[in-house]
Amino acid sequence: MAQPQVQTTSGLSARIDTTVAHEARVYDYWLGGKDNYPADRALGDAIAGHIPAIQTMAQANRAFLGRSVRYLVQEAGITQFLDIGTGIPTAGNTHEVAQKADPTARVVYVDNDPIVLAHARALMSSSPQGKTAFIHADLHDPDSILTDPALVDTLDFDQPIAIMMVAVLMYFEDEDKPHDIVAKLLDRVPSGSYLVITHPTADFDERAMARVVHSAEDAGITFHPRTRAETESLFAGTELVEPGVVPVVTWRPDLATRATNVVADPESAWYWAGVGRKP
């Protein structure tokens, strides 16, 4: 097992404030994890009050991550991943799925939650043939990711890389220029690289999602759902892989493992999902 070396970005505080809800810890709560605090659970419960199936939706989103990674390794031949907005380690992390399919796979994780940093050892339990690293950085400042030594120490930028942005871009308002951030990341990777995005939407229940936005804002968290067309626009500069941007549970369900409990109803999880290839 590879020896972990936690990588941090200078200037980003590693202090954990358990009195304020954090996106990664709320998501951990929905997935049944234990690395969350009263503030996180309070927000998670408030959102569940508006969307009772939120835990199922979180699980469906996580299941998509596994399917997309299996597709990228087994069908697209990708063995390098930049996973941004990693979240707290749980079953089926990107490197676990990728290295099961190809033990030489390499993964760099990025998150701004110091609790994720505290669990970086679990994220970096690489196979001997592969390699993993963790960068404590904020996607609002993509240069802090792209200039971190851990990135080039782990990934070969002469070879295609998959950029994973699963359930992260909803924390960016339009004025944060998420399209520019995605474009900057895509510009750094070579032709043949891939972009993976899931994004919550109000398309399936506008009123309920509006209440979710209000609950998140009350807790100090930006939450910006986007339409299908808006989600598709985030893939600018790539060619969408079939079936395109679709409800998360309907993206290549044939790639699910037997242990994955994916709900069949296309509107059971309010996320759009897609994979794009950089020409």
# chains A, B, ... in the order shown; residues from 1 in each chain; ligands from 1
call {"tool": "residues_around", "arguments": {"residues": "Val116 (chain A)", "least_positions_apart": "4", "cutoff": "7 Å", "atoms": "only C-alpha atoms", "output": "list in words"}}
result
Gly87, Ile88, Asp111 and Ala120 of chain A
call {"tool": "write_last_selection", "arguments": {"atoms": "all heavy atoms", "output": "PDB file, in the first residue's frame"}}
result
ATOM      1  N   GLY A  87     -15.247  15.331  -1.018  1.00  0.00           N
ATOM      2  CA  GLY A  87     -16.106  14.909   0.072  1.00  0.00           C
ATOM      3  C   GLY A  87     -15.394  13.964   1.020  1.00  0.00           C
ATOM      4  O   GLY A  87     -14.254  13.547   0.800  1.00  0.00           O
ATOM      5  N   ILE A  88     -16.071  13.633   2.101  1.00  0.00           N
ATOM      6  CA  ILE A  88     -15.501  12.756   3.116  1.00  0.00           C
ATOM      7  C   ILE A  88     -15.473  11.329   2.584  1.00  0.00           C
ATOM      8  O   ILE A  88     -16.436  10.858   1.991  1.00  0.00           O
ATOM      9  CB  ILE A  88     -16.328  12.859   4.406  1.00  0.00           C
ATOM     10  CG1 ILE A  88     -16.190  14.284   4.981  1.00  0.00           C
ATOM     11  CG2 ILE A  88     -15.896  11.820   5.438  1.00  0.00           C
ATOM     12  CD1 ILE A  88     -17.159  14.614   6.076  1.00  0.00           C
ATOM     13  N   ASP A 111     -10.361  19.128  -2.050  1.00  0.00           N
ATOM     14  CA  ASP A 111     -11.510  19.577  -1.263  1.00  0.00           C
ATOM     15  C   ASP A 111     -11.052  20.703  -0.351  1.00  0.00           C
ATOM     16  O   ASP A 111      -9.876  20.797   0.001  1.00  0.00           O
ATOM     17  CB  ASP A 111     -12.101  18.426  -0.446  1.00  0.00           C
ATOM     18  CG  ASP A 111     -13.580  18.656  -0.129  1.00  0.00           C
ATOM     19  OD1 ASP A 111     -13.866  19.521   0.715  1.00  0.00           O
ATOM     20  OD2 ASP A 111     -14.440  17.997  -0.736  1.00  0.00           O
ATOM     21  N   ALA A 120      -7.494  12.344   4.792  1.00  0.00           N
ATOM     22  CA  ALA A 120      -6.756  12.168   3.543  1.00  0.00           C
ATOM     23  C   ALA A 120      -6.057  10.813   3.464  1.00  0.00           C
ATOM     24  O   ALA A 120      -5.881  10.260   2.383  1.00  0.00           O
ATOM     25  CB  ALA A 120      -5.732  13.290   3.370  1.00  0.00           C
TER      26      ALA A 120
END
call {"tool": "closest_atom_pairs", "arguments": {"of": "region 214-277 of chain A", "to": "region 182-196 of chain A", "cutoff": "8 Å", "atoms": "only C-alpha atoms", "output": "Markdown table"}}
result
| residue | atom | partner | partner_atom | distance |
| --- | --- | --- | --- | --- |
| A:Leu234 | CA | A:Val182 | CA | 7.2 |
| A:Phe235 | CA | A:Leu195 | CA | 7.4 |
| A:Ala236 | CA | A:Ala183 | CA | 7.8 |
| A:Gly237 | CA | A:Ala183 | CA | 7.7 |
| A:Thr238 | CA | A:Leu195 | CA | 7.7 |
| A:Ala273 | CA | A:Val196 | CA | 7.8 |
| A:Gly274 | CA | A:Val196 | CA | 6.0 |
| A:Val275 | CA | A:Val196 | CA | 4.6 |
| A:Gly276 | CA | A:Leu195 | CA | 5.1 |
| A:Arg277 | CA | A:Tyr194 | CA | 4.4 |
call {"tool": "write_last_selection", "arguments": {"atoms": "N, CA and C atoms", "output": "JSON list (two decimals), in the first residue's frame"}}
result
[["chain", "number", "residue", "atom", "x", "y", "z"],
["A", 234, "LEU", "N", -22.17, 23.91, -19.22],
["A", 234, "LEU", "CA", -20.93, 23.72, -18.47],
["A", 234, "LEU", "C", -19.97, 22.79, -19.20],
["A", 235, "PHE", "N", -20.48, 22.04, -20.18],
["A", 235, "PHE", "CA", -19.66, 21.12, -20.95],
["A", 235, "PHE", "C", -19.09, 21.78, -22.21],
["A", 236, "ALA", "N", -19.18, 23.09, -22.31],
["A", 236, "ALA", "CA", -18.65, 23.80, -23.49],
["A", 236, "ALA", "C", -17.19, 23.41, -23.72],
["A", 237, "GLY", "N", -16.87, 23.13, -24.98],
["A", 237, "GLY", "CA", -15.50, 22.73, -25.31],
["A", 237, "GLY", "C", -15.29, 21.23, -25.27],
["A", 238, "THR", "N", -16.36, 20.48, -24.99],
["A", 238, "THR", "CA", -16.27, 19.02, -25.00],
["A", 238, "THR", "C", -17.35, 18.44, -25.90],
["A", 273, "ALA", "N", -26.76, 14.72, -15.12],
["A", 273, "ALA", "CA", -25.44, 14.12, -15.14],
["A", 273, "ALA", "C", -24.96, 13.96, -16.57],
["A", 274, "GLY", "N", -23.66, 14.09, -16.76],
["A", 274, "GLY", "CA", -23.10, 13.90, -18.10],
["A", 274, "GLY", "C", -21.60, 13.72, -18.06],
["A", 275, "VAL", "N", -21.08, 13.26, -19.19],
["A", 275, "VAL", "CA", -19.64, 13.08, -19.38],
["A", 275, "VAL", "C", -19.31, 13.66, -20.74],
["A", 276, "GLY", "N", -18.29, 14.50, -20.79],
["A", 276, "GLY", "CA", -17.87, 15.10, -22.06],
["A", 276, "GLY", "C", -16.40, 14.80, -22.34],
["A", 277, "ARG", "N", -16.05, 14.69, -23.61],
["A", 277, "ARG", "CA", -14.67, 14.43, -24.03],
["A", 277, "ARG", "C", -14.09, 15.66, -24.70]]
call {"tool": "residues_around", "arguments": {"residues": "Trp30 (chain A)", "least_positions_apart": "4", "cutoff": "7 Å", "atoms": "only C-alpha atoms", "output": "number ranges by chain"}}
result
A: 26, 44, 55, 58
call {"tool": "write_last_selection", "arguments": {"atoms": "all heavy atoms", "output": "CSV table (one decimal), in the first residue's frame"}}
result
chain,number,residue,atom,x,y,z
A,26,VAL,N,-22.6,17.6,5.3
A,26,VAL,CA,-24.1,17.4,5.1
A,26,VAL,C,-24.2,16.2,4.2
A,26,VAL,O,-25.1,15.3,4.4
A,26,VAL,CB,-24.7,18.6,4.5
A,26,VAL,CG1,-26.2,18.3,4.2
A,26,VAL,CG2,-24.7,19.8,5.5
A,44,GLY,N,-29.1,19.2,7.0
A,44,GLY,CA,-29.5,18.0,6.3
A,44,GLY,C,-30.9,17.6,6.5
A,44,GLY,O,-31.7,17.3,5.6
A,55,GLN,N,-31.8,11.4,0.8
A,55,GLN,CA,-30.8,10.4,1.0
A,55,GLN,C,-30.7,9.5,-0.2
A,55,GLN,O,-29.5,9.2,-0.6
A,55,GLN,CB,-31.1,9.6,2.3
A,55,GLN,CG,-30.9,10.4,3.6
A,55,GLN,CD,-31.1,9.6,4.8
A,55,GLN,OE1,-32.2,9.0,5.0
A,55,GLN,NE2,-30.2,9.4,5.7
A,58,ALA,N,-28.8,11.4,-2.9
A,58,ALA,CA,-27.4,11.4,-2.6
A,58,ALA,C,-26.7,10.1,-3.0
A,58,ALA,O,-25.6,10.1,-3.6
A,58,ALA,CB,-27.1,11.8,-1.2
call {"tool": "closest_residue", "arguments": {"among": "A:Leu240, A:Ala256, A:Val212, A:Met170", "to": "Gly85 (chain A)", "atoms": "only C-alpha atoms"}}
result
A:Met170
call {"tool": "closest_residue", "arguments": {"among": "A:Phe64, A:Phe81, A:Tyr27, A:Trp270", "to": "Ile161 (chain A)", "atoms": "only C-alpha atoms"}}
result
A:Phe81
call {"tool": "closest_residue", "arguments": {"among": "A:Ile84, A:Leu255, A:Leu169, A:Ile181", "to": "Ala133 (chain A)", "atoms": "only C-alpha atoms"}}
result
A:Ile84
call {"tool": "select_by_dssp", "arguments": {"residues": "region 108-235 of chain A", "states": "helix (DSSP H, G or I)", "output": "ChimeraX atom specification"}}
result
/A:114-118,120-123,142-146,149-154,169-171,174-176,178-188,206-218,228-233
call {"tool": "residues_around", "arguments": {"residues": "region 48-54 of chain A", "least_positions_apart": "3", "cutoff": "12 Å", "atoms": "only C-alpha atoms", "output": "ChimeraX atom specification"}}
result
/A:26-27,29-32,41-45,57-61,200,202,204-216,263,267-271
call {"tool": "closest_residue", "arguments": {"among": "A:Thr94, A:Ser127, A:Asn112, A:His22", "to": "Ala63 (chain A)", "atoms": "only C-alpha atoms"}}
result
A:Thr94
